file start.txt (compact mmCIF, C-alpha atoms and all ligand atoms)
# COMPACT_ATOMS: atom_id res chain seq x y z
CA MET P 1 115.79 -33.74 107.06
CA THR P 2 116.87 -35.51 110.23
CA CYS P 3 117.48 -33.17 113.14
CA ALA P 4 119.95 -33.70 115.97
CA LEU P 5 120.52 -31.74 119.18
CA LEU P 6 123.88 -31.94 120.96
CA THR P 7 124.88 -30.88 124.44
CA GLY P 8 128.64 -30.31 124.59
CA ILE P 9 128.79 -29.41 120.90
CA THR P 10 131.96 -27.32 121.35
CA GLY P 11 133.99 -30.18 122.83
CA GLN P 12 136.20 -32.68 121.04
CA ASP P 13 133.45 -35.25 120.46
CA GLY P 14 130.79 -32.61 119.80
CA SER P 15 132.82 -31.07 117.00
CA TYR P 16 133.56 -34.40 115.29
CA LEU P 17 129.96 -35.52 115.67
CA THR P 18 128.70 -32.23 114.21
CA GLU P 19 130.88 -32.73 111.14
CA LEU P 20 129.67 -36.32 110.79
CA LEU P 21 125.99 -35.36 111.09
CA LEU P 22 126.22 -32.39 108.72
CA GLY P 23 127.99 -34.69 106.26
CA ARG P 24 125.03 -37.05 106.48
CA GLY P 25 122.51 -34.30 105.71
CA TYR P 26 121.32 -33.56 109.27
CA THR P 27 120.27 -30.24 110.69
CA VAL P 28 122.33 -29.82 113.87
CA HIS P 29 121.45 -27.79 116.96
CA GLY P 30 123.96 -27.33 119.73
CA ILE P 31 123.59 -26.19 123.31
CA VAL P 32 126.45 -24.02 124.56
CA ARG P 33 127.19 -22.37 127.87
CA ARG P 34 127.29 -18.60 127.74
CA SER P 35 130.72 -17.37 128.86
CA SER P 36 132.70 -14.18 128.51
CA THR P 37 135.39 -15.88 126.44
CA ILE P 38 134.61 -17.59 123.15
CA GLN P 39 135.48 -21.27 123.41
CA ARG P 40 134.39 -22.62 120.06
CA THR P 41 137.59 -22.93 118.12
CA ARG P 42 136.86 -26.55 117.22
CA LEU P 43 133.82 -25.38 115.25
CA ASP P 44 135.27 -22.19 113.74
CA HIS P 45 135.53 -23.67 110.25
CA LEU P 46 131.80 -24.45 110.32
CA PHE P 47 130.81 -21.00 111.58
CA ALA P 48 132.77 -19.48 108.72
CA ASP P 49 130.76 -21.53 106.19
CA LYS P 50 127.75 -19.41 105.16
CA ASP P 51 125.94 -22.46 103.74
CA VAL P 52 126.15 -24.17 107.11
CA TYR P 53 125.98 -21.75 110.05
CA ASN P 54 122.44 -20.60 110.80
CA ARG P 55 121.19 -22.70 107.90
CA ARG P 56 121.90 -26.25 109.02
CA LEU P 57 123.89 -25.61 112.18
CA PHE P 58 122.37 -23.58 115.02
CA LEU P 59 123.56 -22.71 118.52
CA HIS P 60 121.42 -22.15 121.62
CA TYR P 61 122.61 -20.84 124.99
CA ALA P 62 121.84 -22.79 128.16
CA ASP P 63 123.51 -24.35 131.18
CA LEU P 64 122.81 -28.01 131.84
CA ASP P 65 120.91 -27.13 135.02
CA ASP P 66 118.78 -24.49 133.31
CA VAL P 67 115.82 -26.81 132.93
CA THR P 68 113.36 -24.24 131.59
CA THR P 69 115.63 -23.14 128.78
CA ILE P 70 116.63 -26.68 127.84
CA ARG P 71 112.97 -27.74 127.76
CA ARG P 72 112.21 -24.76 125.54
CA ILE P 73 115.05 -25.62 123.15
CA LEU P 74 113.93 -29.25 122.91
CA SER P 75 110.29 -28.25 122.32
CA LYS P 76 111.26 -25.75 119.65
CA THR P 77 113.80 -27.83 117.76
CA GLU P 78 111.99 -31.21 118.06
CA PRO P 79 115.13 -33.26 117.41
CA ASP P 80 115.00 -36.87 116.20
CA GLU P 81 118.26 -37.60 117.98
CA LEU P 82 119.72 -36.14 121.17
CA TYR P 83 123.42 -36.62 121.92
CA HIS P 84 124.24 -35.75 125.52
CA LEU P 85 127.99 -35.10 125.58
CA ALA P 86 128.28 -32.21 128.05
CA GLY P 87 129.56 -32.38 131.61
CA GLN P 88 132.59 -31.72 133.77
CA SER P 89 134.82 -34.31 132.11
CA HIS P 90 138.18 -33.96 133.83
CA VAL P 91 138.75 -36.77 136.34
CA GLY P 92 141.62 -35.00 138.13
CA VAL P 93 139.61 -31.81 138.51
CA SER P 94 136.65 -33.78 139.91
CA PHE P 95 138.62 -34.29 143.15
CA GLU P 96 138.75 -30.49 143.54
CA ILE P 97 135.17 -29.74 142.53
CA PRO P 98 133.07 -32.84 143.30
CA GLU P 99 129.86 -30.84 143.78
CA THR P 100 130.09 -29.11 140.39
CA THR P 101 130.99 -32.45 138.80
CA CYS P 102 127.90 -34.11 140.25
CA GLN P 103 125.71 -31.11 139.49
CA PHE P 104 126.50 -31.19 135.76
CA THR P 105 127.55 -34.76 135.06
CA ALA P 106 125.04 -36.57 137.29
CA MET P 107 122.11 -34.22 137.92
CA GLY P 108 122.42 -32.57 134.49
CA THR P 109 121.76 -35.96 132.89
CA LEU P 110 118.81 -36.72 135.16
CA LYS P 111 117.27 -33.32 134.38
CA LEU P 112 117.62 -33.96 130.68
CA LEU P 113 115.99 -37.39 131.03
CA GLU P 114 113.10 -35.82 132.93
CA ILE P 115 112.57 -33.26 130.16
CA VAL P 116 112.66 -35.96 127.46
CA ARG P 117 110.23 -38.12 129.44
CA ASP P 118 107.63 -35.32 129.27
CA LEU P 119 108.03 -34.55 125.58
CA GLU P 120 105.32 -35.49 123.12
CA LYS P 121 107.89 -36.23 120.44
CA GLN P 122 110.69 -38.04 122.25
CA PRO P 123 114.08 -38.07 120.54
CA ARG P 124 116.36 -41.08 120.59
CA MET P 125 118.94 -40.22 123.22
CA LEU P 126 122.61 -41.12 123.66
CA HIS P 127 124.50 -40.42 126.87
CA ILE P 128 128.28 -40.46 126.71
CA SER P 129 129.24 -42.62 129.65
CA SER P 130 132.77 -43.54 130.64
CA SER P 131 135.08 -46.41 131.55
CA GLU P 132 135.50 -44.55 134.87
CA ILE P 133 132.25 -46.24 136.01
CA PHE P 134 134.19 -49.50 136.34
CA GLY P 135 136.81 -47.98 138.68
CA ARG P 136 138.75 -50.95 140.01
CA PRO P 137 136.89 -53.85 138.43
CA ASP P 138 137.25 -57.53 139.26
CA GLU P 139 137.39 -58.50 135.62
CA SER P 140 139.45 -57.32 132.70
CA PRO P 141 138.54 -56.50 129.96
CA GLN P 142 135.21 -54.95 130.97
CA ASN P 143 131.99 -55.38 129.03
CA GLU P 144 128.44 -54.02 129.26
CA ARG P 145 127.64 -56.42 132.14
CA THR P 146 130.70 -55.67 134.30
CA PRO P 147 129.62 -54.33 137.72
CA MET P 148 130.26 -50.62 138.26
CA ARG P 149 132.77 -49.83 141.06
CA PRO P 150 133.79 -46.18 140.58
CA VAL P 151 136.63 -44.72 142.67
CA THR P 152 136.66 -41.06 141.59
CA PRO P 153 134.05 -38.29 142.02
CA TYR P 154 133.76 -38.14 138.23
CA GLY P 155 133.30 -41.92 138.01
CA ILE P 156 130.63 -41.82 140.71
CA ALA P 157 128.75 -39.01 138.91
CA LYS P 158 128.96 -40.94 135.62
CA THR P 159 127.74 -44.11 137.32
CA PHE P 160 124.65 -42.27 138.58
CA ALA P 161 123.99 -40.84 135.11
CA THR P 162 124.57 -44.19 133.38
CA GLN P 163 122.24 -46.05 135.70
CA MET P 164 119.58 -43.35 135.32
CA VAL P 165 119.72 -43.70 131.53
CA THR P 166 119.22 -47.47 131.86
CA PHE P 167 116.42 -46.91 134.37
CA TYR P 168 114.55 -44.47 132.08
CA ARG P 169 114.94 -46.88 129.16
CA GLU P 170 113.60 -49.82 131.16
CA SER P 171 110.93 -48.03 133.20
CA PHE P 172 109.68 -45.24 130.94
CA ASN P 173 110.41 -46.86 127.62
CA LEU P 174 112.72 -44.10 126.36
CA PHE P 175 115.04 -44.92 123.47
CA ALA P 176 118.04 -44.01 125.63
CA CYS P 177 121.46 -45.59 125.61
CA ASN P 178 124.91 -45.31 127.13
CA ALA P 179 128.05 -45.18 125.01
CA ILE P 180 130.53 -46.49 127.60
CA CYS P 181 133.58 -44.80 126.14
CA TYR P 182 137.17 -45.57 127.01
CA ASN P 183 139.70 -42.76 126.51
CA HIS P 184 139.53 -41.32 123.02
CA GLU P 185 141.89 -38.62 121.90
CA SER P 186 142.75 -36.43 118.93
CA SER P 187 144.39 -33.17 117.98
CA ARG P 188 141.21 -31.52 119.35
CA ARG P 189 141.67 -32.99 122.81
CA GLY P 190 141.75 -30.43 125.65
CA GLU P 191 145.28 -29.47 126.58
CA SER P 192 145.04 -30.58 130.22
CA PHE P 193 144.41 -34.26 129.39
CA VAL P 194 147.57 -36.30 129.52
CA THR P 195 147.85 -37.27 125.85
CA ARG P 196 147.49 -33.73 124.51
CA LYS P 197 149.68 -32.34 127.25
CA ILE P 198 152.37 -34.80 126.13
CA THR P 199 152.02 -34.23 122.38
CA ARG P 200 152.04 -30.43 122.76
CA ALA P 201 155.13 -30.65 124.93
CA ALA P 202 156.92 -33.03 122.55
CA ALA P 203 156.23 -30.60 119.67
CA ALA P 204 157.22 -27.52 121.69
CA ILE P 205 160.43 -29.15 122.98
CA ALA P 206 161.35 -30.23 119.44
CA LEU P 207 160.91 -26.61 118.29
CA GLY P 208 163.00 -25.28 121.20
CA LYS P 209 160.02 -23.55 122.83
CA GLN P 210 159.85 -25.64 126.01
CA LYS P 211 162.40 -27.53 128.10
CA ASP P 212 160.56 -29.84 130.47
CA LEU P 213 157.22 -31.51 130.92
CA ALA P 214 155.76 -31.91 134.43
CA LEU P 215 153.52 -34.94 134.86
CA GLY P 216 151.91 -37.01 137.61
CA SER P 217 151.97 -40.79 137.70
CA LEU P 218 153.33 -42.53 134.60
CA ASP P 219 152.11 -45.96 135.72
CA GLY P 220 148.42 -45.51 134.88
CA ARG P 221 147.21 -47.67 132.01
CA ARG P 222 144.47 -46.66 129.62
CA ASP P 223 142.67 -47.99 126.56
CA TRP P 224 143.32 -45.08 124.16
CA GLY P 225 141.55 -44.77 120.81
CA TYR P 226 141.00 -42.10 118.15
CA ALA P 227 138.00 -39.82 118.81
CA PRO P 228 136.57 -39.47 115.25
CA GLU P 229 136.09 -43.25 115.17
CA TYR P 230 134.15 -43.14 118.46
CA VAL P 231 131.60 -40.59 117.27
CA GLU P 232 130.86 -42.86 114.29
CA ALA P 233 129.95 -45.60 116.78
CA MET P 234 127.77 -43.17 118.77
CA TRP P 235 125.81 -42.36 115.62
CA LYS P 236 125.46 -46.05 114.79
CA MET P 237 124.05 -46.70 118.27
CA LEU P 238 121.10 -44.41 117.58
CA GLN P 239 120.39 -46.13 114.24
CA GLN P 240 119.76 -49.51 115.93
CA GLN P 241 116.26 -50.98 116.17
CA VAL P 242 116.51 -51.46 119.92
CA ALA P 243 118.16 -49.10 122.40
CA SER P 244 121.13 -50.68 124.14
CA ASP P 245 124.41 -49.81 125.88
CA PHE P 246 127.76 -50.38 124.17
CA VAL P 247 131.38 -50.43 125.32
CA LEU P 248 133.46 -48.40 122.84
CA ALA P 249 137.14 -49.26 123.19
CA THR P 250 140.17 -50.59 121.35
CA GLY P 251 140.59 -53.62 123.63
CA THR P 252 144.28 -52.82 124.21
CA SER P 253 145.81 -51.00 127.16
CA HIS P 254 149.00 -48.95 127.32
CA SER P 255 150.76 -47.05 130.11
CA VAL P 256 151.23 -43.28 130.19
CA GLU P 257 154.93 -44.07 129.79
CA GLU P 258 154.25 -45.94 126.54
CA PHE P 259 152.29 -42.98 125.19
CA LEU P 260 155.18 -40.69 126.18
CA ALA P 261 157.69 -42.88 124.38
CA ALA P 262 155.56 -42.97 121.20
CA ALA P 263 155.00 -39.18 121.20
CA PHE P 264 158.63 -38.26 121.78
CA GLU P 265 159.78 -40.84 119.24
CA ALA P 266 157.69 -38.99 116.63
CA VAL P 267 160.09 -36.03 117.02
CA ASN P 268 163.21 -38.19 117.55
CA LEU P 269 163.58 -37.28 121.23
CA ASP P 270 163.95 -39.38 124.38
CA TRP P 271 161.21 -38.52 126.87
CA ARG P 272 163.52 -39.39 129.81
CA ASP P 273 165.56 -36.27 129.06
CA HIS P 274 162.55 -33.98 129.51
CA VAL P 275 159.92 -35.36 131.91
CA VAL P 276 159.81 -34.35 135.57
CA GLN P 277 157.37 -35.77 138.10
CA ASP P 278 155.17 -33.28 139.89
CA GLU P 279 153.05 -34.05 142.97
CA ARG P 280 150.41 -31.57 141.81
CA TYR P 281 149.29 -33.97 139.09
CA MET P 282 149.02 -37.04 141.33
CA ARG P 283 145.45 -38.12 142.12
CA PRO P 284 144.15 -39.21 145.54
CA SER P 285 142.86 -42.40 143.91
CA GLU P 286 143.25 -43.96 140.50
CA VAL P 287 141.29 -46.45 138.44
CA SER P 288 143.09 -49.65 137.50
CA ARG P 289 142.92 -52.46 134.93
CA LEU P 290 140.66 -50.44 132.67
CA VAL P 291 140.52 -51.99 129.23
CA GLY P 292 137.33 -52.43 127.26
CA ASP P 293 135.87 -55.44 125.52
CA PRO P 294 134.32 -53.98 122.35
CA SER P 295 132.92 -57.33 121.05
CA LYS P 296 129.29 -56.21 121.25
CA ALA P 297 130.04 -53.05 119.23
CA ASN P 298 132.08 -55.12 116.75
CA ARG P 299 129.20 -57.55 116.31
CA ASP P 300 126.08 -55.37 116.44
CA LEU P 301 127.37 -52.05 115.10
CA GLY P 302 130.01 -53.43 112.74
CA TRP P 303 132.38 -51.01 114.47
CA THR P 304 136.06 -51.44 115.31
CA ALA P 305 138.58 -48.92 116.60
CA GLU P 306 141.29 -48.90 113.94
CA THR P 307 143.94 -46.37 115.00
CA THR P 308 146.80 -47.80 117.08
CA LEU P 309 148.52 -45.96 119.92
CA PRO P 310 151.73 -45.13 117.96
CA GLN P 311 149.60 -43.81 115.07
CA LEU P 312 147.50 -41.75 117.47
CA ALA P 313 150.52 -40.26 119.22
CA ARG P 314 152.19 -39.42 115.91
CA LEU P 315 149.15 -37.75 114.37
CA MET P 316 148.65 -35.64 117.49
CA VAL P 317 152.31 -34.60 117.63
CA GLU P 318 152.28 -33.70 113.93
CA SER P 319 149.19 -31.57 114.38
CA ASP P 320 150.75 -29.77 117.38
CA LEU P 321 153.96 -29.20 115.42
CA ALA P 322 151.97 -27.69 112.55
CA SER P 323 149.94 -25.42 114.80
CA LEU P 324 152.99 -24.19 116.75
CA LYS P 325 154.82 -23.50 113.48
CA SER P 326 151.86 -21.57 112.07
CA LYS P 327 151.67 -19.44 115.23
CA GLU P 328 155.41 -18.79 114.82
CA SER P 329 154.97 -17.64 111.23
CA ILE P 330 152.02 -15.37 112.15
CA ALA P 331 154.16 -13.80 114.91
CA ASP P 332 157.03 -13.28 112.44
CA SER P 333 154.89 -11.67 109.75
O1 LIG X 401 144.24 -37.88 130.35
P1 LIG X 401 143.62 -38.13 131.68
O2 LIG X 401 143.30 -36.95 132.49
O3 LIG X 401 142.36 -39.04 131.39
P2 LIG X 401 141.39 -39.90 132.34
O4 LIG X 401 141.55 -39.56 133.77
O5 LIG X 401 141.57 -41.34 132.00
O6 LIG X 401 139.94 -39.41 131.88
C1 LIG X 401 139.56 -39.28 130.50
O7 LIG X 401 139.08 -40.52 130.01
C2 LIG X 401 137.90 -41.03 130.65
C3 LIG X 401 137.53 -42.35 130.00
O8 LIG X 401 137.15 -42.16 128.69
C4 LIG X 401 136.78 -40.00 130.50
F1 LIG X 401 135.66 -40.46 131.10
C5 LIG X 401 137.19 -38.69 131.11
O9 LIG X 401 136.18 -37.73 130.88
C6 LIG X 401 138.47 -38.22 130.43
O10 LIG X 401 138.19 -37.94 129.08
O11 LIG X 401 144.60 -39.07 132.55
C7 LIG X 401 145.09 -40.30 132.10
C8 LIG X 401 146.16 -40.84 133.03
C9 LIG X 401 145.77 -40.87 134.50
O12 LIG X 401 146.27 -42.09 135.06
C10 LIG X 401 146.50 -39.70 135.13
O13 LIG X 401 146.79 -39.86 136.52
O14 LIG X 401 147.29 -39.94 132.97
C11 LIG X 401 147.76 -39.70 134.30
N1 LIG X 401 148.50 -38.45 134.32
C12 LIG X 401 149.82 -38.33 134.65
N2 LIG X 401 150.20 -37.05 134.60
C13 LIG X 401 148.01 -37.22 134.06
C14 LIG X 401 149.08 -36.33 134.22
N3 LIG X 401 146.78 -36.80 133.67
C15 LIG X 401 146.60 -35.47 133.44
N4 LIG X 401 145.39 -35.02 133.05
N5 LIG X 401 147.62 -34.56 133.63
C16 LIG X 401 148.89 -34.93 134.02
O15 LIG X 401 149.79 -34.12 134.14
call {"tool": "encode", "arguments": {"input": "start.txt", "output": "structure tokens"}}
result
Amino acid sequence: MTCALLTGITGQDGSYLTELLLGRGYTVHGIVRRSSTIQRTRLDHLFADKDVYNRRLFLHYADLDDVTTIRRILSKTEPDELYHLAGQSHVGVSFEIPETTCQFTAMGTLKLLEIVRDLEKQPRMLHISSSEIFGRPDESPQNERTPMRPVTPYGIAKTFATQMVTFYRESFNLFACNAICYNHESSRRGESFVTRKITRAAAAIALGKQKDLALGSLDGRRDWGYAPEYVEAMWKMLQQQVASDFVLATGTSHSVEEFLAAAFEAVNLDWRDHVVQDERYMRPSEVSRLVGDPSKANRDLGWTAETTLPQLARLMVESDLASLKSKESIADS
């Protein structure tokens, strides 16, 4: 049975990837941070399954900078594949906590590479990189050869991690690759990212539970895809004969305003009646012209992002409507 180890298993991508791997017959181990509150709701359905939890799905506690524990987990579980998804992933927050961002996102990745380098049985390793590494690029769309010019603490940390992965592949012969992911969203997206913040608000306003939505800049443009499709590409990357980096993107960019319009349209509302601008959500510097060129992934992985922005916005709003309504009916019962 193939064995995979995931950092960041409780996140959006970690949960979809876990489902994908279990569906393909893998044993899955996940590394989670110990905290006083339980933050694993995305995996609850798997923990409730007695045939899965502690049979084919196992959790281990460690922080990304706890090298001894992570080494022990890797030595014990001997995974064939290692998916490194963990890190401080909020770009806006990275302006407030640049040191923590670099500690986990940059140094955490280097520490993991160092552990893998020393292992007798080295797993194939995937690092989830980000379009933020391109910052304000000279060319658009960006591909795997576009120079990195990050402009946010998060982007700078990811650039370090991405270049380290390439360095370890080229210098120490690790099967290590970067999935250079553009924004990918879903109903499991954290509520402080702009898409989920918008879809939750659209649903809550439609149900009369909220009046306004406070946002930062609406001008930013992003290449937004659907997360479950991206984890499929990540898996495909580790099934290749040769380790290589891939841009995972839709190839189309939209503004925050366009996402707003699509989400509010799904509940027959006009976003202009509800959105207020709030300085608190403005960033000291923003990336620009970020749109990915997924040709290499199309060609070598046979992978294409299928879900369009209006479809994505609608499916997220519908999921938020359903979950708010079910909370309402629990409260009423
Ligand atoms: O949803 P966002 O916070 O995503 P961002 O910054 O693009 O980062 C996400 O995608 C990256 C690429 O895949 C990842 F590397 C990263 O880990 C993360 O998953 O913001 C999107 C845009 C920005 O232009 C932001 O300024 O929305 C704008 N925005 C406007 N108002 C807001 C808000 N963003 C947030 N989070 N909250 C607001 O109220």
call {"tool": "atom_distance", "arguments": {"input": "start.txt", "atom1": "atom CA of P:Lys211", "atom2": "atom C11 of ligand LIG 401 (chain X)"}}
result
20.0 Å
call {"tool": "residues_around", "arguments": {"input": "start.txt", "residues": "stretch 59-74 of chain P", "least_positions_apart": "2", "cutoff": "9 Å", "atoms": "all atoms listed in the file", "output": "MDAnalysis selection string"}}
result
chainID P and resid 5 7 9 28:34 53:54 57 76:79 86:87 103:105 107:109 111:112 115:116 119
call {"tool": "residues_near_ligand", "arguments": {"input": "start.txt", "ligand": "ligand LIG 401 (chain X)", "cutoff": "7 Å", "atoms": "only C-alpha atoms and all ligand atoms", "output": "NGL selection string"}}
result
:P and (89-92 or 129-132 or 181-184 or 192-195 or 214-218 or 220-222 or 256 or 281-283 or 286)
call {"tool": "residues_around", "arguments": {"input": "start.txt", "residues": "stretch 199-208 of chain P", "least_positions_apart": "3", "cutoff": "8 Å", "atoms": "all atoms listed in the file", "output": "MDAnalysis selection string"}}
result
chainID P and resid 191 195:196 211:213 263:264 267 269 313 316:318 320:321 324
call {"tool": "residues_around", "arguments": {"input": "start.txt", "residues": "P:Phe246", "least_positions_apart": "5", "cutoff": "12 Å", "atoms": "all atoms listed in the file", "output": "MDAnalysis selection string"}}
result
chainID P and resid 126:131 142:146 162 166 176:182 230 233:238 240 292:301 303
call {"tool": "atom_distance", "arguments": {"input": "start.txt", "atom1": "atom CA of P:Asp13", "atom2": "atom CA of P:Thr27"}}
result
17.2 Å
call {"tool": "residues_around", "arguments": {"input": "start.txt", "residues": "P:Val287", "least_positions_apart": "3", "cutoff": "7 Å", "atoms": "only C-alpha atoms", "output": "ChimeraX atom specification"}}
result
/P:135-136,151
call {"tool": "atom_distance", "arguments": {"input": "start.txt", "atom1": "atom CA of P:His274", "atom2": "atom CA of P:Pro310"}}
result
19.4 Å
call {"tool": "closest_residue", "arguments": {"input": "start.txt", "among": "P:Thr2, P:Leu248, P:Leu21, P:Ser140", "to": "P:Gly302", "atoms": "only C-alpha atoms"}}
result
P:Leu248
call {"tool": "closest_residue", "arguments": {"input": "start.txt", "among": "P:Met148, P:Leu82, P:Val231, P:Gln241", "to": "P:Leu20", "atoms": "all atoms listed in the file"}}
result
P:Val231
call {"tool": "residues_around", "arguments": {"input": "start.txt", "residues": "P:Glu139", "least_positions_apart": "6", "cutoff": "10 Å", "atoms": "all atoms listed in the file", "output": "PyMOL selection string"}}
result
chain P and resi 146-147+289-291
call {"tool": "closest_residue", "arguments": {"input": "start.txt", "among": "P:Gly251, P:Pro98, P:Gly8, P:Gly14", "to": "P:Gly155", "atoms": "all atoms listed in the file"}}
result
P:Pro98
call {"tool": "closest_residue", "arguments": {"input": "start.txt", "among": "P:Ala48, P:Val247, P:Val165, P:Leu6", "to": "P:Leu113", "atoms": "all atoms listed in the file"}}
result
P:Val165
call {"tool": "axis_aligned_box", "arguments": {"input": "start.txt", "around": "stretch 240-243 of chain P", "padding_each_side": "8 Å", "output": "JSON"}}
result
{"center_x": 118.0, "center_y": -50.3, "center_z": 119.2, "size_x": 19.5, "size_y": 18.4, "size_z": 22.5}
call {"tool": "closest_residue", "arguments": {"input": "start.txt", "among": "P:Arg124, P:Leu174, P:Ser253, P:Thr101", "to": "P:Phe160", "atoms": "only C-alpha atoms"}}
result
P:Thr101
call {"tool": "build_atoms", "arguments": {"input": "start.txt", "residues": "stretch 263-275 of chain P", "atoms": "N, CA, C and O atoms", "output": "PDB file, keeping the file's coordinate frame"}}
result
ATOM      1  N   ALA P 263     155.100 -40.591 121.602  1.00  0.00           N
ATOM      2  CA  ALA P 263     155.000 -39.180 121.200  1.00  0.00           C
ATOM      3  C   ALA P 263     156.384 -38.574 120.987  1.00  0.00           C
ATOM      4  O   ALA P 263     156.633 -37.883 119.999  1.00  0.00           O
ATOM      5  N   PHE P 264     157.293 -38.852 121.919  1.00  0.00           N
ATOM      6  CA  PHE P 264     158.630 -38.260 121.780  1.00  0.00           C
ATOM      7  C   PHE P 264     159.403 -38.901 120.628  1.00  0.00           C
ATOM      8  O   PHE P 264     160.229 -38.248 119.981  1.00  0.00           O
ATOM      9  N   GLU P 265     159.128 -40.175 120.377  1.00  0.00           N
ATOM     10  CA  GLU P 265     159.780 -40.840 119.240  1.00  0.00           C
ATOM     11  C   GLU P 265     159.384 -40.166 117.928  1.00  0.00           C
ATOM     12  O   GLU P 265     160.176 -40.094 116.993  1.00  0.00           O
ATOM     13  N   ALA P 266     158.156 -39.654 117.867  1.00  0.00           N
ATOM     14  CA  ALA P 266     157.690 -38.990 116.630  1.00  0.00           C
ATOM     15  C   ALA P 266     158.526 -37.753 116.300  1.00  0.00           C
ATOM     16  O   ALA P 266     158.526 -37.288 115.162  1.00  0.00           O
ATOM     17  N   VAL P 267     159.205 -37.190 117.294  1.00  0.00           N
ATOM     18  CA  VAL P 267     160.090 -36.030 117.020  1.00  0.00           C
ATOM     19  C   VAL P 267     161.556 -36.379 117.349  1.00  0.00           C
ATOM     20  O   VAL P 267     162.378 -35.503 117.622  1.00  0.00           O
ATOM     21  N   ASN P 268     161.838 -37.702 117.333  1.00  0.00           N
ATOM     22  CA  ASN P 268     163.210 -38.190 117.550  1.00  0.00           C
ATOM     23  C   ASN P 268     163.847 -37.696 118.845  1.00  0.00           C
ATOM     24  O   ASN P 268     165.013 -37.323 118.879  1.00  0.00           O
ATOM     25  N   LEU P 269     163.045 -37.672 119.919  1.00  0.00           N
ATOM     26  CA  LEU P 269     163.580 -37.280 121.230  1.00  0.00           C
ATOM     27  C   LEU P 269     163.358 -38.424 122.213  1.00  0.00           C
ATOM     28  O   LEU P 269     162.490 -39.284 122.008  1.00  0.00           O
ATOM     29  N   ASP P 270     164.141 -38.400 123.310  1.00  0.00           N
ATOM     30  CA  ASP P 270     163.950 -39.380 124.380  1.00  0.00           C
ATOM     31  C   ASP P 270     163.203 -38.687 125.520  1.00  0.00           C
ATOM     32  O   ASP P 270     163.713 -37.699 126.081  1.00  0.00           O
ATOM     33  N   TRP P 271     162.028 -39.192 125.854  1.00  0.00           N
ATOM     34  CA  TRP P 271     161.210 -38.520 126.870  1.00  0.00           C
ATOM     35  C   TRP P 271     161.936 -38.413 128.206  1.00  0.00           C
ATOM     36  O   TRP P 271     161.724 -37.470 128.969  1.00  0.00           O
ATOM     37  N   ARG P 272     162.832 -39.374 128.501  1.00  0.00           N
ATOM     38  CA  ARG P 272     163.520 -39.390 129.810  1.00  0.00           C
ATOM     39  C   ARG P 272     164.359 -38.131 130.025  1.00  0.00           C
ATOM     40  O   ARG P 272     164.632 -37.735 131.154  1.00  0.00           O
ATOM     41  N   ASP P 273     164.745 -37.498 128.933  1.00  0.00           N
ATOM     42  CA  ASP P 273     165.560 -36.270 129.060  1.00  0.00           C
ATOM     43  C   ASP P 273     164.712 -35.052 129.421  1.00  0.00           C
ATOM     44  O   ASP P 273     165.258 -33.982 129.694  1.00  0.00           O
ATOM     45  N   HIS P 274     163.390 -35.184 129.391  1.00  0.00           N
ATOM     46  CA  HIS P 274     162.550 -33.980 129.510  1.00  0.00           C
ATOM     47  C   HIS P 274     161.435 -34.050 130.566  1.00  0.00           C
ATOM     48  O   HIS P 274     160.881 -33.020 130.935  1.00  0.00           O
ATOM     49  N   VAL P 275     161.092 -35.251 131.020  1.00  0.00           N
ATOM     50  CA  VAL P 275     159.920 -35.360 131.910  1.00  0.00           C
ATOM     51  C   VAL P 275     160.324 -35.270 133.373  1.00  0.00           C
ATOM     52  O   VAL P 275     161.275 -35.925 133.803  1.00  0.00           O
TER      53      VAL P 275
END
